[in-house]
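K.L.:
Contents are PDB, C-alpha atoms; file name my_file_12.pdb:
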MODEL        1
ATOM      1  CA  MET A   1     -11.545 -21.548  -0.606  1.00  0.00           C
ATOM      2  CA  LYS A   2      -8.691 -19.644   1.051  1.00  0.00           C
ATOM      3  CA  GLU A   3      -9.451 -15.985   1.599  1.00  0.00           C
ATOM      4  CA  MET A   4      -6.952 -13.709  -0.136  1.00  0.00           C
ATOM      5  CA  THR A   5      -4.973 -11.052   1.673  1.00  0.00           C
ATOM      6  CA  TYR A   6      -5.252  -7.516   0.282  1.00  0.00           C
ATOM      7  CA  ILE A   7      -2.172  -5.383   0.901  1.00  0.00           C
ATOM      8  CA  GLY A   8      -2.191  -1.701   0.065  1.00  0.00           C
ATOM      9  CA  VAL A   9       1.048  -0.064  -1.038  1.00  0.00           C
ATOM     10  CA  ILE A  10       0.987   3.676  -0.586  1.00  0.00           C
ATOM     11  CA  GLY A  11       3.581   6.348  -1.268  1.00  0.00           C
ATOM     12  CA  GLY A  12       4.357   9.366  -3.339  1.00  0.00           C
ATOM     13  CA  ALA A  13       3.700   9.786  -7.043  1.00  0.00           C
ATOM     14  CA  ARG A  14       7.138  11.433  -6.979  1.00  0.00           C
ATOM     15  CA  CYS A  15       9.693   9.422  -5.070  1.00  0.00           C
ATOM     16  CA  THR A  16      13.399   8.811  -4.684  1.00  0.00           C
ATOM     17  CA  SER A  17      15.242   6.021  -6.471  1.00  0.00           C
ATOM     18  CA  VAL A  18      15.614   4.260  -3.090  1.00  0.00           C
ATOM     19  CA  GLU A  19      11.842   4.398  -2.507  1.00  0.00           C
ATOM     20  CA  LYS A  20      11.194   3.192  -6.060  1.00  0.00           C
ATOM     21  CA  LYS A  21      13.517   0.212  -5.580  1.00  0.00           C
ATOM     22  CA  LEU A  22      11.914  -0.627  -2.215  1.00  0.00           C
ATOM     23  CA  ALA A  23       8.428  -0.391  -3.729  1.00  0.00           C
ATOM     24  CA  GLU A  24       9.321  -2.742  -6.584  1.00  0.00           C
ATOM     25  CA  GLU A  25      10.757  -5.243  -4.087  1.00  0.00           C
ATOM     26  CA  VAL A  26       7.628  -4.938  -1.924  1.00  0.00           C
ATOM     27  CA  GLY A  27       5.443  -5.605  -4.968  1.00  0.00           C
ATOM     28  CA  ARG A  28       7.477  -8.683  -5.854  1.00  0.00           C
ATOM     29  CA  GLU A  29       7.238  -9.985  -2.272  1.00  0.00           C
ATOM     30  CA  ILE A  30       3.462  -9.394  -2.182  1.00  0.00           C
ATOM     31  CA  ALA A  31       3.058 -11.447  -5.356  1.00  0.00           C
ATOM     32  CA  GLY A  32       5.247 -14.144  -3.818  1.00  0.00           C
ATOM     33  CA  GLN A  33       2.821 -14.335  -0.902  1.00  0.00           C
ATOM     34  CA  LYS A  34      -0.116 -14.735  -3.341  1.00  0.00           C
ATOM     35  CA  ALA A  35      -1.648 -11.552  -1.905  1.00  0.00           C
ATOM     36  CA  VAL A  36      -3.489  -8.873  -3.893  1.00  0.00           C
ATOM     37  CA  LEU A  37      -1.717  -5.529  -4.198  1.00  0.00           C
ATOM     38  CA  ILE A  38      -3.940  -2.439  -4.064  1.00  0.00           C
ATOM     39  CA  CYS A  39      -2.526   0.992  -4.853  1.00  0.00           C
ATOM     40  CA  GLY A  40      -3.485   4.407  -6.172  1.00  0.00           C
ATOM     41  CA  GLY A  41      -2.667   3.231  -9.681  1.00  0.00           C
ATOM     42  CA  ARG A  42      -0.485   6.053 -10.892  1.00  0.00           C
ATOM     43  CA  GLY A  43       3.279   6.743 -10.908  1.00  0.00           C
ATOM     44  CA  GLY A  44       6.126   6.721  -8.418  1.00  0.00           C
ATOM     45  CA  VAL A  45       5.811   4.241  -5.551  1.00  0.00           C
ATOM     46  CA  MET A  46       2.488   2.981  -6.943  1.00  0.00           C
ATOM     47  CA  GLU A  47       3.916   2.162 -10.358  1.00  0.00           C
ATOM     48  CA  ALA A  48       7.090   0.590  -8.961  1.00  0.00           C
ATOM     49  CA  ALA A  49       5.121  -1.687  -6.616  1.00  0.00           C
ATOM     50  CA  ALA A  50       2.730  -2.627  -9.415  1.00  0.00           C
ATOM     51  CA  ARG A  51       5.646  -3.399 -11.725  1.00  0.00           C
ATOM     52  CA  GLY A  52       7.285  -5.650  -9.126  1.00  0.00           C
ATOM     53  CA  ALA A  53       4.066  -7.532  -8.449  1.00  0.00           C
ATOM     54  CA  ARG A  54       3.076  -7.992 -12.092  1.00  0.00           C
ATOM     55  CA  ARG A  55       6.534  -9.160 -13.143  1.00  0.00           C
ATOM     56  CA  ALA A  56       6.260 -11.784 -10.373  1.00  0.00           C
ATOM     57  CA  GLY A  57       2.822 -12.898 -11.598  1.00  0.00           C
ATOM     58  CA  GLY A  58       0.759 -11.003  -9.015  1.00  0.00           C
ATOM     59  CA  LEU A  59      -2.642  -9.329  -9.146  1.00  0.00           C
ATOM     60  CA  VAL A  60      -2.614  -5.515  -8.909  1.00  0.00           C
ATOM     61  CA  ILE A  61      -5.680  -3.303  -8.440  1.00  0.00           C
ATOM     62  CA  GLY A  62      -5.344   0.433  -9.053  1.00  0.00           C
ATOM     63  CA  ILE A  63      -7.870   2.782  -7.412  1.00  0.00           C
ATOM     64  CA  LEU A  64      -7.600   5.837  -9.657  1.00  0.00           C
ATOM     65  CA  PRO A  65      -8.541   9.412  -8.709  1.00  0.00           C
ATOM     66  CA  GLY A  66      -9.970  10.411 -12.093  1.00  0.00           C
ATOM     67  CA  HIS A  67     -12.713   9.290 -14.462  1.00  0.00           C
ATOM     68  CA  ASP A  68     -10.474   7.599 -17.030  1.00  0.00           C
ATOM     69  CA  ARG A  69      -9.069   4.093 -16.521  1.00  0.00           C
ATOM     70  CA  ARG A  70      -6.349   4.914 -19.040  1.00  0.00           C
ATOM     71  CA  GLU A  71      -4.654   7.219 -16.513  1.00  0.00           C
ATOM     72  CA  GLY A  72      -3.422   4.150 -14.634  1.00  0.00           C
ATOM     73  CA  ASN A  73       0.095   2.832 -14.956  1.00  0.00           C
ATOM     74  CA  PRO A  74       0.715  -0.031 -17.426  1.00  0.00           C
ATOM     75  CA  TYR A  75       1.294  -2.646 -14.691  1.00  0.00           C
ATOM     76  CA  LEU A  76      -2.238  -2.689 -13.273  1.00  0.00           C
ATOM     77  CA  SER A  77      -4.285  -5.867 -13.642  1.00  0.00           C
ATOM     78  CA  VAL A  78      -7.473  -3.968 -12.819  1.00  0.00           C
ATOM     79  CA  SER A  79      -7.994  -0.188 -13.088  1.00  0.00           C
ATOM     80  CA  LEU A  80     -10.911   1.323 -11.174  1.00  0.00           C
ATOM     81  CA  ALA A  81     -11.699   4.933 -12.078  1.00  0.00           C
ATOM     82  CA  THR A  82     -13.446   6.632  -9.162  1.00  0.00           C
ATOM     83  CA  GLY A  83     -13.730  10.306 -10.139  1.00  0.00           C
ATOM     84  CA  LEU A  84     -13.098  11.065  -6.457  1.00  0.00           C
ATOM     85  CA  GLY A  85      -9.717  12.777  -6.598  1.00  0.00           C
ATOM     86  CA  ASP A  86      -7.859  12.471  -3.300  1.00  0.00           C
ATOM     87  CA  ALA A  87     -11.030  11.157  -1.633  1.00  0.00           C
ATOM     88  CA  ARG A  88     -10.161   7.834  -3.291  1.00  0.00           C
ATOM     89  CA  ASN A  89      -7.622   7.466  -0.466  1.00  0.00           C
ATOM     90  CA  ALA A  90     -10.481   6.357   1.777  1.00  0.00           C
ATOM     91  CA  ILE A  91     -11.354   3.581  -0.674  1.00  0.00           C
ATOM     92  CA  ILE A  92      -7.750   2.393  -0.736  1.00  0.00           C
ATOM     93  CA  ALA A  93      -7.578   2.329   3.075  1.00  0.00           C
ATOM     94  CA  CYS A  94     -10.921   0.551   3.361  1.00  0.00           C
ATOM     95  CA  ALA A  95     -10.249  -2.062   0.660  1.00  0.00           C
ATOM     96  CA  CYS A  96      -7.005  -3.328   2.233  1.00  0.00           C
ATOM     97  CA  ASP A  97      -6.412  -5.634   5.170  1.00  0.00           C
ATOM     98  CA  VAL A  98      -3.111  -3.882   5.874  1.00  0.00           C
ATOM     99  CA  LEU A  99      -1.104  -1.089   4.246  1.00  0.00           C
ATOM    100  CA  ILE A 100       2.602  -0.652   3.583  1.00  0.00           C
ATOM    101  CA  ALA A 101       3.670   2.998   3.414  1.00  0.00           C
ATOM    102  CA  ILE A 102       6.873   3.796   1.515  1.00  0.00           C
ATOM    103  CA  GLY A 103       8.040   7.393   1.821  1.00  0.00           C
ATOM    104  CA  GLY A 104       5.255   9.698   0.725  1.00  0.00           C
ATOM    105  CA  GLY A 105       3.827  13.144   1.129  1.00  0.00           C
ATOM    106  CA  TYR A 106       0.556  14.449   2.513  1.00  0.00           C
ATOM    107  CA  GLY A 107      -1.567  12.130   0.364  1.00  0.00           C
ATOM    108  CA  THR A 108       0.245   9.170   1.894  1.00  0.00           C
ATOM    109  CA  LEU A 109      -0.201  10.686   5.329  1.00  0.00           C
ATOM    110  CA  SER A 110      -3.954  10.926   4.722  1.00  0.00           C
ATOM    111  CA  GLU A 111      -4.066   7.241   3.721  1.00  0.00           C
ATOM    112  CA  ILE A 112      -2.106   6.304   6.852  1.00  0.00           C
ATOM    113  CA  GLY A 113      -4.488   8.316   9.030  1.00  0.00           C
ATOM    114  CA  LEU A 114      -7.587   6.864   7.397  1.00  0.00           C
ATOM    115  CA  ALA A 115      -6.271   3.303   7.700  1.00  0.00           C
ATOM    116  CA  LEU A 116      -5.411   3.741  11.362  1.00  0.00           C
ATOM    117  CA  LYS A 117      -8.803   5.314  12.045  1.00  0.00           C
ATOM    118  CA  MET A 118     -10.407   2.224  10.446  1.00  0.00           C
ATOM    119  CA  GLY A 119      -8.320  -0.032  12.686  1.00  0.00           C
ATOM    120  CA  LYS A 120      -6.125  -1.232   9.812  1.00  0.00           C
ATOM    121  CA  PRO A 121      -2.441  -1.830  10.570  1.00  0.00           C
ATOM    122  CA  VAL A 122       0.191   0.173   8.696  1.00  0.00           C
ATOM    123  CA  VAL A 123       3.754  -0.993   8.090  1.00  0.00           C
ATOM    124  CA  GLY A 124       6.267   1.742   7.318  1.00  0.00           C
ATOM    125  CA  LEU A 125       9.396   1.908   5.210  1.00  0.00           C
ATOM    126  CA  HIS A 126      11.103   5.338   5.290  1.00  0.00           C
ATOM    127  CA  THR A 127       7.768   7.052   5.914  1.00  0.00           C
ATOM    128  CA  TRP A 128       6.041   9.364   8.349  1.00  0.00           C
ATOM    129  CA  ASN A 129       6.622   9.206  12.101  1.00  0.00           C
ATOM    130  CA  LEU A 130       3.392   9.581  14.051  1.00  0.00           C
ATOM    131  CA  ASP A 131       4.631   9.885  17.616  1.00  0.00           C
ATOM    132  CA  ARG A 132       1.726  11.011  19.759  1.00  0.00           C
ATOM    133  CA  PRO A 133       1.965  11.794  23.477  1.00  0.00           C
ATOM    134  CA  GLY A 134       0.901   8.693  25.371  1.00  0.00           C
ATOM    135  CA  HIS A 135       0.642   6.555  22.220  1.00  0.00           C
ATOM    136  CA  GLY A 136       4.053   6.362  20.570  1.00  0.00           C
ATOM    137  CA  ASP A 137       4.218   5.648  16.856  1.00  0.00           C
ATOM    138  CA  ASP A 138       1.208   3.742  15.507  1.00  0.00           C
ATOM    139  CA  ILE A 139       3.137   2.612  12.423  1.00  0.00           C
ATOM    140  CA  HIS A 140       4.859  -0.788  12.524  1.00  0.00           C
ATOM    141  CA  ARG A 141       8.423  -0.297  11.261  1.00  0.00           C
ATOM    142  CA  ALA A 142      10.298  -2.604   8.909  1.00  0.00           C
ATOM    143  CA  ALA A 143      13.907  -2.436   7.746  1.00  0.00           C
ATOM    144  CA  GLY A 144      13.364  -3.822   4.254  1.00  0.00           C
ATOM    145  CA  ALA A 145      10.878  -5.043   1.686  1.00  0.00           C
ATOM    146  CA  ARG A 146      10.732  -8.708   2.718  1.00  0.00           C
ATOM    147  CA  GLU A 147      10.368  -7.840   6.399  1.00  0.00           C
ATOM    148  CA  ALA A 148       7.613  -5.323   5.589  1.00  0.00           C
ATOM    149  CA  VAL A 149       5.577  -7.834   3.581  1.00  0.00           C
ATOM    150  CA  MET A 150       6.020 -10.669   6.102  1.00  0.00           C
ATOM    151  CA  LEU A 151       4.922  -8.313   8.891  1.00  0.00           C
ATOM    152  CA  ALA A 152       1.991  -7.106   6.778  1.00  0.00           C
ATOM    153  CA  VAL A 153       0.833 -10.672   6.114  1.00  0.00           C
ATOM    154  CA  LYS A 154       1.055 -11.468   9.827  1.00  0.00           C
ATOM    155  CA  LEU A 155      -0.850  -8.312  10.805  1.00  0.00           C
ATOM    156  CA  ALA A 156      -3.516  -8.920   8.142  1.00  0.00           C
ATOM    157  CA  ARG A 157      -4.462 -12.156   9.887  1.00  0.00           C
ATOM    158  CA  LEU A 158      -5.376 -10.330  13.098  1.00  0.00           C
ATOM    159  CA  PRO A 159      -8.918  -9.045  13.623  1.00  0.00           C
ATOM    160  CA  ILE A 160      -9.257  -5.403  12.534  1.00  0.00           C
ATOM    161  CA  GLY A 161      -8.331  -3.023  15.314  1.00  0.00           C
ATOM    162  CA  ASN A 162      -6.272  -5.636  17.219  1.00  0.00           C
ATOM    163  CA  ALA A 163      -2.845  -5.124  15.706  1.00  0.00           C
ATOM    164  CA  PRO A 164      -0.190  -5.045  18.475  1.00  0.00           C
TER     165      PRO A 164
ENDMDL
END
Write the structure described by the file as structure tokens, please.
P.N.:
Amino acid sequence: MKEMTYIGVIGGARCTSVEKKLAEEVGREIAGQKAVLICGGRGGVMEAAARGARRAGGLVIGILPGHDRREGNPYLSVSLATGLGDARNAIIACACDVLIAIGGGYGTLSEIGLALKMGKPVVGLHTWNLDRPGHGDDIHRAAGAREAVMLAVKLARLPIGNAP
């Protein structure tokens, strides 16, 4: 049996129309790669990515912050209520092989930081810049949705912590 690739899509619950369009395209591309999309399960980037994936026949798992599965967006295949609030960001980072960050605020930044700390690669579309002295930017940059997903799939195949 082929092991599935789990791609996290992270970004703001409030986002621009450009970010929303990108997220929906990313979701569609993830489904096209037969990968599982994991997200925070609510609105904005999360909902747009879930919508794109579901409309393309993909599997979408929402890791929700509250206790009620009904708080998830209508495009989730599976809703997991954690009751953990923002601490659910660690579950999202841990559950994915690779993450794609689209825009986002401090919650997205926390998911990026947690993923990188766990050795998980992060692909960025219009998101944070993490230039550190002596390290550069740890986020792999993509110009569009298709490029981001193809890069994510490639990076997911590398052993954790060995992304170039």
K.L.:
Mind telling me what the PyMOL selection byres ((chain A and resi 54) around 12) catches here, as number ranges by chain?
P.N.:
A: 24-32, 34-37, 47-53, 55-61, 73-78
K.L.:
Going by the chain IDs and residue numbers used in this file, which residues fall under the PyMOL selection byres ((chain A and resi 149) around 8)? Write them as a ChimeraX atom specification.
P.N.:
/A:26,29-30,100,145-148,150-153
K.L.:
Can you measure atom CA of Gly144 of chain A to atom CA of Arg88 of chain A for me? One decimal in Å is fine.
P.N.:
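Separating atom CA of Gly144 of chain A from atom CA of Arg88 of chain A is a distance of 27.3 Å.
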K.L.:
Between A:Gly41, A:Ala115, A:Trp128, A:Val98, which one has atoms that come closest to Arg70 of chain A, using all atoms listed in the file?
P.N.:
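When distances to Arg70 of chain A are compared using all atoms listed in the file, the smallest one comes from A:Gly41.
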K.L.:
Which residue gives the smallest distance to Ile92 of chain A among A:Ile139, A:Leu114, A:Leu22, A:Val123, with all atoms listed in the file counted?
P.N.:
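Closest residue, counting all atoms listed in the file: A:Leu114.
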K.L.:
Given the point (1.1, 3.1, 0.6) in the coordinates of this file, which residues lie within 9 Å, counting only C-alpha atoms, and how would they look as a list in words?
P.N.:
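Answer for this query, in the requested form: Gly8, Val9, Ile10, Gly11, Gly12, Ile38, Cys39, Gly40, Val45, Met46, Ile92, Leu99, Ile100, Ala101, Ile102, Gly103, Gly104, Thr108, Glu111, Ile112, Val122, Val123 and Gly124 of chain A.
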K.L.:
Counting all atoms listed in the file, which residue out of A:Gly107, A:Pro65, A:Ile7, A:Ala143 sits closest to Pro121 of chain A?
P.N.:
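Selected residue with least distance to Pro121 of chain A: A:Ile7.
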K.L.:
Would you mind telling me which residue in A:Glu19, A:Leu109, A:Gly85, A:Glu71 lies nearest to His126 of chain A when using all atoms listed in the file?
P.N.:
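Checking each of A:Glu19, A:Leu109, A:Gly85, A:Glu71 against His126 of chain A, counting all atoms listed in the file, the winner is A:Glu19.
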K.L.:
Restricting the calculation to all atoms listed in the file: of A:Arg42, A:Ile63, A:Ser79, A:Gly136, which residue gets closest to Arg14 of chain A?
P.N.:
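Among the listed residues, A:Arg42 lies closest to Arg14 of chain A.
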K.L.:
For atom CA of Gly66 of chain A and atom CA of Ile91 of chain A, quote the distance in Å rounded to one decimal.
P.N.:
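About the pair atom CA of Gly66 of chain A and atom CA of Ile91 of chain A: they are 13.4 Å apart.
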K.L.:
Please report the interatomic distance between atom CA of Gly44 of chain A and atom CA of Gly62 of chain A in Å with one decimal.
P.N.:
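These two atoms are separated by 13.1 Å.
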K.L.:
Let me make sure I understand: among A:Ser110, A:Thr5, A:Asn129, A:Thr82, which one has the smallest atom-to-atom distance to Asp97 of chain A if we use all atoms listed in the file?
P.N.:
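The answer is A:Thr5, which sits nearest to Asp97 of chain A.
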